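Engineer: Input: one structure, supplied below.
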Amino acid sequence: MEIKNRIEELDAELKRYAREYYEKDAPTVSDREYDLKYRELEDLEREYPEYASADSITKVVGGSIDASGLGKITHANKMYSLADAFDVDEVRAFDAQVARAVDDKYEYVAELKIDGLAISLTYENGRLVTAATRGDGVVGENITENVKLIKSIPQTLSEPLTCEVRGECYLPIENFGKINAAREGKQYVNPRNAAAGILRQKVDKDETIKELDTFIYAPGEIAGLSVATQEAFLEKLVELGFTVNPNRIIAKNIDEVVKFIEEMTNLRDKLEYDIDGVVIKVNDFDLQDELGFTVKVPKWAVAYKFPPEKKDTVVKEIEWSIGRSGVVVPTAVMEKIRLAGTSVSRATLHNAQFIKELDVRINDTVTVFKAGDIIPKIEKVVLAKRPQDSKPLELPTHCPSCDSELVQLEDDVNIRCINPKCPAKMQEALAYFVSRPAMNIDGVGPALIASLIETKKIKDVADLYKLTEQELLELDGVQEKTANNVITQINNSKQNSAERLLAGIGIPGIGAVVAKTLLAHFKNIDTITKATEEDFAAIDGIGEVHATTLKTYFNHNESLELLEELKNSGVNTEYLNDIETRESEFTSKTVVLTGKLTTFTRDSAKELLESLGAKVTSSVTKKTDFVVAGESAGSKLAKASELGIPVLTEEDLLKYV
């Protein structure tokens, strides 16, 4: 289950990051962090295909469509993403793949990777008819009226062609500064963020759109163009009236590409627009067709990503705040510097362990970089410039929000506030409490939670069960039908089996699976609160770390008071999910499910096996007694064969149904 949970966790996390990037134009993680997690998910799905969902982010391109209400446009051909290379070795590895697949001689076109928003333009008989964002690669948002205001996009081509072309819409650095200076409220993070926000807004004749510019670089549908190479296509674009980037080369080999990358790295800060790398494409269109595509990316192109820019500055102060799940988040306040196009004066220090390892102190000189040109981070302390009277930083002992004593759990890099009533973490705590893995209270979404907290109608999860329909009707936008439904859903959740409650109250590391294991053993939450670390650790599947975490949580009076409030409100604290077991060949046996099941769902197969007395685990080991294999079973089936473990099919289970 650990592998399955990790795959689901990564997929959910990456989808959230994608929504922030594509729909909200407000990314919270760097390109590098995103790509590392994406690669981890790809590797896990490759090794454990039985856990890969059909709608995994590894199977889609870009963001969702119509997030801003602009309408939809279907692309003539799919708009693909590009595979990324983060160093020269990965660029050479790409070249080696091309060389293995292509018999003929080939050359590359190396172009600048513009940091903007991908767009598609469609012309009929030489006149612009539609324009769209990339969207999910198949369908994009309709931005036709907006792009008509951009000077570098021709309304009419020099020839009456019917075609689709693609490129990048960006905001020049000078215009970015001008727009942010005149902007009221929240500032744009960087030119890319600004370009996406401006282009995708549903505002008639917004003058800021005129500040945008474009480079066109790719064909979509070019049946009317007689060009055989990428370079010839770029030259034809200029003839038709488009703007293309002049900073490109035709490279006879990969060494020339690497040299171009080095030159553009040095040129990067001298350009009037932001770039984040170099795109390398096989020049010949016939060879591109021969190489083809994967599900998400062309095999004939790769995007080299620049390493982040770095500068030194001085730490003046360390601020401490409470983040998600009660984690204490340190932030360095620094002397202001200009980095990757924006002013920087703050940088995350991640956690207490990071501070200890870095040994950052007040008045230290530190090297700062912007991960993915977005998030400022400290790379190292410049020890040669450390003041002689420097003293190690003292970590906080009490929560900066509620003043509760902070704890650091075993093997945890963070220090935490575990007070369930801490106001700083209430929004996240409530959002998880009502979610499907926890109490599954439908209708209580982020907007309603924010309103309830803002109006002080609830201060912790127990207050949900004290809400009245009248109190909900007092909130802006809440109608009688909605209020009635919410109260009904809250009341229905009181009848849940107690593992949902245990998972929902926010004990670090205690999710749905661990909670169910605990309740199956202890039968009710009251018994759990009185158990010792040794009691917890003795349960199969509950390790020493979980045992310490649980005992630490229940040693706090606030935790016990919260549970008592919930119990007094009628919330069930008893385990209701006992599975009646019967004797079978699976009794006391360890079974692993692998591959795609067609007769059963994975959950129903697991439930059946448990009712037959089996213990269902996720990893094949020498202790595994049986493996049940569905379609496309991979490494687990191979390992079972290697170890001589009996392999069953779904049909073998049907006789027990």
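Order determines the names: the first chain of the structure tokens is A, the second B, and so forth; residues in each chain are numbered 1 upward, and ligands are numbered 1 upward as they are shown.
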With a distance cut-off of 10 Å and only C-alpha atoms, select the neighbouring residues of A:Ile505, excluding the residue or stretch itself and same-chain residues fewer than 4 positions from it, and output the selection as a VMD selection string.
Structural biologist: chain A and resid 420 429 to 430 432 to 434 438 to 439 460 to 462 500 to 501 510 to 511 559 562 to 563
Engineer: Would you save the residues of that selection, restricted to N, CA and C atoms, as a tab-separated table (two decimals), in the first residue's frame?
Structural biologist:
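The resulting file, result.tsv, is shown below:
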```tsv
chain	number	residue	atom	x	y	z
A	420	PRO	N	-4.56	20.87	18.27
A	420	PRO	CA	-5.58	20.78	17.22
A	420	PRO	C	-6.43	22.04	17.10
A	429	ALA	N	-6.60	22.19	8.44
A	429	ALA	CA	-7.11	21.12	9.27
A	429	ALA	C	-8.57	20.81	8.93
A	430	LEU	N	-9.37	21.85	8.77
A	430	LEU	CA	-10.78	21.65	8.44
A	430	LEU	C	-10.96	21.07	7.04
A	432	TYR	N	-8.99	19.09	5.42
A	432	TYR	CA	-8.72	17.66	5.42
A	432	TYR	C	-9.78	16.88	6.20
A	433	PHE	N	-10.26	17.46	7.29
A	433	PHE	CA	-11.25	16.78	8.12
A	433	PHE	C	-12.51	16.43	7.32
A	434	VAL	N	-12.93	17.32	6.41
A	434	VAL	CA	-14.16	17.08	5.65
A	434	VAL	C	-13.91	16.31	4.35
A	438	ALA	N	-11.15	11.30	5.00
A	438	ALA	CA	-11.47	11.48	6.42
A	438	ALA	C	-12.99	11.37	6.63
A	439	MET	N	-13.65	12.46	7.08
A	439	MET	CA	-15.07	12.35	7.43
A	439	MET	C	-16.01	12.42	6.23
A	460	ASP	N	-12.53	25.22	15.50
A	460	ASP	CA	-11.89	23.91	15.36
A	460	ASP	C	-12.88	22.93	14.74
A	461	VAL	N	-12.44	21.70	14.46
A	461	VAL	CA	-13.30	20.75	13.75
A	461	VAL	C	-14.53	20.37	14.57
A	462	ALA	N	-14.44	20.43	15.90
A	462	ALA	CA	-15.59	20.07	16.74
A	462	ALA	C	-16.73	21.05	16.55
A	500	ARG	N	-12.29	6.96	10.28
A	500	ARG	CA	-12.38	8.21	9.53
A	500	ARG	C	-12.11	9.41	10.45
A	501	LEU	N	-12.65	9.35	11.64
A	501	LEU	CA	-12.41	10.42	12.62
A	501	LEU	C	-10.94	10.47	13.00
A	510	ILE	N	-0.66	9.97	10.29
A	510	ILE	CA	-1.73	9.00	10.52
A	510	ILE	C	-2.83	9.25	9.50
A	511	GLY	N	-2.77	8.52	8.39
A	511	GLY	CA	-3.78	8.64	7.35
A	511	GLY	C	-4.80	7.54	7.45
A	559	SER	N	-5.70	17.76	22.72
A	559	SER	CA	-6.12	16.66	21.84
A	559	SER	C	-7.26	15.87	22.48
A	562	LEU	N	-10.49	17.91	22.46
A	562	LEU	CA	-11.13	17.94	21.15
A	562	LEU	C	-11.93	16.66	20.92
A	563	LEU	N	-11.34	15.52	21.22
A	563	LEU	CA	-12.04	14.25	21.04
A	563	LEU	C	-13.28	14.16	21.93
```
Engineer: Name the residues of stretch 151-202 of chain A that fall into alpha helix (DSSP H) according to DSSP on the backbone, using the chain letters and numbers of this document, as an MDAnalysis selection string.
Structural biologist: chainID A and resid 173:182 191:199
Engineer: For the selection just defined, write its residues with C-alpha atoms to a file, as a PDB file, in the first residue's frame.
Structural biologist:
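Output file result27.pdb is given in full below:
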```pdb
ATOM      1  CA  ILE A 173      10.963  42.752 -19.048  1.00  0.00           C
ATOM      2  CA  GLU A 174      10.605  46.538 -19.387  1.00  0.00           C
ATOM      3  CA  ASN A 175       6.826  46.240 -19.840  1.00  0.00           C
ATOM      4  CA  PHE A 176       6.635  43.875 -16.859  1.00  0.00           C
ATOM      5  CA  GLY A 177       8.141  46.521 -14.580  1.00  0.00           C
ATOM      6  CA  LYS A 178       5.799  49.186 -15.965  1.00  0.00           C
ATOM      7  CA  ILE A 179       2.666  47.054 -15.481  1.00  0.00           C
ATOM      8  CA  ASN A 180       3.591  45.998 -11.936  1.00  0.00           C
ATOM      9  CA  ALA A 181       4.342  49.630 -10.982  1.00  0.00           C
ATOM     10  CA  ALA A 182       0.858  50.678 -12.095  1.00  0.00           C
ATOM     11  CA  PRO A 191       6.913  38.196 -16.658  1.00  0.00           C
ATOM     12  CA  ARG A 192       5.633  34.688 -17.482  1.00  0.00           C
ATOM     13  CA  ASN A 193       3.061  34.856 -14.695  1.00  0.00           C
ATOM     14  CA  ALA A 194       2.030  38.323 -15.922  1.00  0.00           C
ATOM     15  CA  ALA A 195       1.752  37.303 -19.586  1.00  0.00           C
ATOM     16  CA  ALA A 196      -0.500  34.357 -18.748  1.00  0.00           C
ATOM     17  CA  GLY A 197      -2.668  36.424 -16.422  1.00  0.00           C
ATOM     18  CA  ILE A 198      -3.096  39.270 -18.911  1.00  0.00           C
ATOM     19  CA  LEU A 199      -3.727  37.112 -21.975  1.00  0.00           C
TER      20      LEU A 199
END
```
Engineer: Could you give me, as number ranges by chain, the residues within 9 Å of stretch 347-360 of chain A, counting only C-alpha atoms and dropping anything in the same chain fewer than 6 positions from it?
Structural biologist: A: 315, 318, 327-334, 366, 368, 375-381, 392-393, 395, 412-415
Engineer: Once you have the residues from the selection above, write them out as a short mmCIF file (atom, residue, chain, number, x, y, z; two decimals), in the first residue's frame, restricted to N, CA and C atoms.
Structural biologist:
```cif
data_model
loop_
_atom_site.label_atom_id
_atom_site.label_comp_id
_atom_site.auth_asym_id
_atom_site.auth_seq_id
_atom_site.Cartn_x
_atom_site.Cartn_y
_atom_site.Cartn_z
N VAL A 315 21.52 37.88 5.60
CA VAL A 315 20.32 37.55 6.38
C VAL A 315 20.20 38.53 7.55
N ILE A 318 15.16 36.04 10.99
CA ILE A 318 14.48 34.79 10.69
C ILE A 318 13.06 34.88 11.25
N VAL A 327 3.31 22.40 10.90
CA VAL A 327 4.75 22.50 10.74
C VAL A 327 5.19 23.95 10.89
N VAL A 328 6.25 24.17 11.66
CA VAL A 328 6.80 25.51 11.84
C VAL A 328 7.73 25.81 10.67
N VAL A 329 7.40 26.86 9.92
CA VAL A 329 8.12 27.19 8.69
C VAL A 329 9.00 28.42 8.90
N PRO A 330 10.34 28.27 8.77
CA PRO A 330 11.23 29.41 8.91
C PRO A 330 11.46 30.13 7.58
N THR A 331 11.51 31.45 7.63
CA THR A 331 11.78 32.26 6.44
C THR A 331 12.88 33.26 6.74
N ALA A 332 13.87 33.34 5.86
CA ALA A 332 14.96 34.30 6.03
C ALA A 332 14.54 35.64 5.42
N VAL A 333 14.68 36.72 6.20
CA VAL A 333 14.46 38.08 5.71
C VAL A 333 15.84 38.65 5.41
N MET A 334 16.07 39.06 4.14
CA MET A 334 17.43 39.39 3.69
C MET A 334 17.49 40.81 3.12
N VAL A 366 24.74 34.85 2.53
CA VAL A 366 24.26 33.59 1.95
C VAL A 366 24.16 33.72 0.43
N VAL A 368 21.97 32.95 -2.75
CA VAL A 368 20.55 32.75 -3.02
C VAL A 368 20.35 32.46 -4.50
N ILE A 375 10.91 30.69 -7.01
CA ILE A 375 10.96 30.65 -5.55
C ILE A 375 12.38 30.87 -5.05
N PRO A 376 12.64 31.96 -4.32
CA PRO A 376 13.98 32.21 -3.77
C PRO A 376 14.35 31.16 -2.72
N LYS A 377 15.56 30.61 -2.84
CA LYS A 377 16.05 29.63 -1.88
C LYS A 377 17.51 29.91 -1.57
N ILE A 378 17.91 29.55 -0.36
CA ILE A 378 19.30 29.73 0.06
C ILE A 378 20.06 28.44 -0.22
N GLU A 379 21.16 28.59 -0.95
CA GLU A 379 21.97 27.42 -1.31
C GLU A 379 23.02 27.12 -0.25
N LYS A 380 23.71 28.17 0.23
CA LYS A 380 24.80 27.95 1.19
C LYS A 380 25.11 29.23 1.95
N VAL A 381 25.83 29.07 3.05
CA VAL A 381 26.36 30.20 3.82
C VAL A 381 27.79 30.46 3.36
N PRO A 392 25.07 30.66 16.95
CA PRO A 392 24.09 29.76 16.32
C PRO A 392 22.66 30.22 16.58
N LEU A 393 21.79 29.95 15.65
CA LEU A 393 20.39 30.36 15.75
C LEU A 393 19.66 29.47 16.75
N LEU A 395 16.33 27.74 17.96
CA LEU A 395 15.04 27.35 17.40
C LEU A 395 13.92 27.68 18.39
N ASP A 412 11.61 13.05 12.25
CA ASP A 412 10.93 14.12 11.53
C ASP A 412 11.86 15.33 11.44
N VAL A 413 11.98 15.90 10.25
CA VAL A 413 12.88 17.05 10.08
C VAL A 413 12.24 18.34 10.57
N ASN A 414 10.93 18.30 10.85
CA ASN A 414 10.21 19.51 11.23
C ASN A 414 9.98 19.59 12.73
N ILE A 415 9.82 20.83 13.21
CA ILE A 415 9.22 21.02 14.53
C ILE A 415 7.78 21.43 14.29
#
```
Engineer: Pick out the closest residue to A:Lys4 from this set: A:Lys305, A:His75, A:Arg602, A:Lys456. Count only C-alpha atoms.
Structural biologist: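 Closest candidate: A:Arg602.
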Engineer: Expressed in Å to a single decimal, how great is the separation between atom CA of A:Ala303 and atom CA of A:Gln97?
Structural biologist: 14.7 Å
Engineer: Which is closest to A:Ile525 among A:Leu643, A:Ile3, A:Leu566, A:Ile490, if we use only C-alpha atoms?
Structural biologist: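 The answer is A:Leu566, which sits nearest to A:Ile525.
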Engineer: Excluding A:Met264 and residues on its chain fewer than 6 positions from it, collect all residues at most 12 Å away from it, counting only C-alpha atoms, and give them as number ranges by chain.
Structural biologist: A: 110-113, 247-249, 257-258, 270-271, 274-279, 304-306
Engineer: Take the residues just selected and output them with C-alpha atoms as a PDB file, in the first residue's frame.
Structural biologist:
```pdb
ATOM      1  CA  ALA A 110      18.655  25.128 -31.576  1.00  0.00           C
ATOM      2  CA  GLU A 111      16.332  27.980 -30.522  1.00  0.00           C
ATOM      3  CA  LEU A 112      15.803  29.994 -27.356  1.00  0.00           C
ATOM      4  CA  LYS A 113      13.126  28.687 -24.989  1.00  0.00           C
ATOM      5  CA  ASN A 247      18.886  33.768 -31.744  1.00  0.00           C
ATOM      6  CA  ARG A 248      19.122  30.282 -33.245  1.00  0.00           C
ATOM      7  CA  ILE A 249      21.567  28.051 -35.097  1.00  0.00           C
ATOM      8  CA  VAL A 257      24.390  22.582 -29.783  1.00  0.00           C
ATOM      9  CA  VAL A 258      26.311  22.476 -26.493  1.00  0.00           C
ATOM     10  CA  LYS A 270      21.263  40.821 -21.640  1.00  0.00           C
ATOM     11  CA  LEU A 271      18.020  40.020 -23.456  1.00  0.00           C
ATOM     12  CA  ASP A 274      12.974  36.121 -20.184  1.00  0.00           C
ATOM     13  CA  ILE A 275      14.253  32.768 -21.416  1.00  0.00           C
ATOM     14  CA  ASP A 276      14.586  29.598 -19.365  1.00  0.00           C
ATOM     15  CA  GLY A 277      16.547  27.387 -21.721  1.00  0.00           C
ATOM     16  CA  VAL A 278      17.246  26.219 -25.253  1.00  0.00           C
ATOM     17  CA  VAL A 279      14.968  24.037 -27.405  1.00  0.00           C
ATOM     18  CA  TYR A 304      17.425  22.187 -22.069  1.00  0.00           C
ATOM     19  CA  LYS A 305      16.653  24.097 -18.840  1.00  0.00           C
ATOM     20  CA  PHE A 306      19.101  26.723 -17.593  1.00  0.00           C
TER      21      PHE A 306
END
```
Engineer: For A:Asn485, work out the shell of residues within 9 Å, counting only C-alpha atoms and skipping chain neighbours fewer than 5 positions away, then give it as a PyMOL selection string.
Structural biologist: chain A and resi 442-443+480+490
Engineer: Between atom CA of A:Ala537 and atom CA of A:Leu560, what distance in Å does the model show, to one decimal?
Structural biologist: 20.9 Å
Engineer: Please extract the residues of stretch 374-477 of chain A with a backbone DSSP assignment of strand (DSSP E or B) and present them as a list in words.
Structural biologist: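 Output for stretch 374-477 of chain A, strand (DSSP E or B) only: Ile375, Pro376, Lys377, Ile378, Glu379, Lys380, Val381, His398, Glu405, Val407 and Arg416 of chain A.
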Engineer: Could you tell me which of A:Ile222, A:Leu149, A:Val314, A:Val478 comes closest to A:Ile209 if we count only C-alpha atoms?
Structural biologist: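 Going through A:Ile222, A:Leu149, A:Val314, A:Val478 one by one, the smallest distance to A:Ile209 is for A:Leu149.
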Engineer: Can you pull out every residue within 12 Å of A:Gly292, counting only C-alpha atoms, but drop anything in the same chain fewer than 6 positions away, and send it as a list in words?
Structural biologist: Tyr80, Val98, Ala101, Val102, Val282, Phe285, Asp286, Pro298, Lys299, Trp300 and Ala301 of chain A
Engineer: Which residue out of A:Arg346, A:Lys105, A:Arg338, A:Arg166 has the minimum interatomic distance to A:Ser120 when only C-alpha atoms are used?
Structural biologist: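 For A:Ser120, the nearest of the given residues is A:Arg166.
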Engineer: How many Å lie between atom CA of A:Thr573 and atom CA of A:Ala498, rounded to one decimal?
Structural biologist: 4.7 Å
Engineer: Counting only C-alpha atoms, which of A:Glu335, A:Glu211, A:Glu650, A:Glu145 gets nearest to A:Thr601?
Structural biologist: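 The answer is A:Glu650, which sits nearest to A:Thr601.
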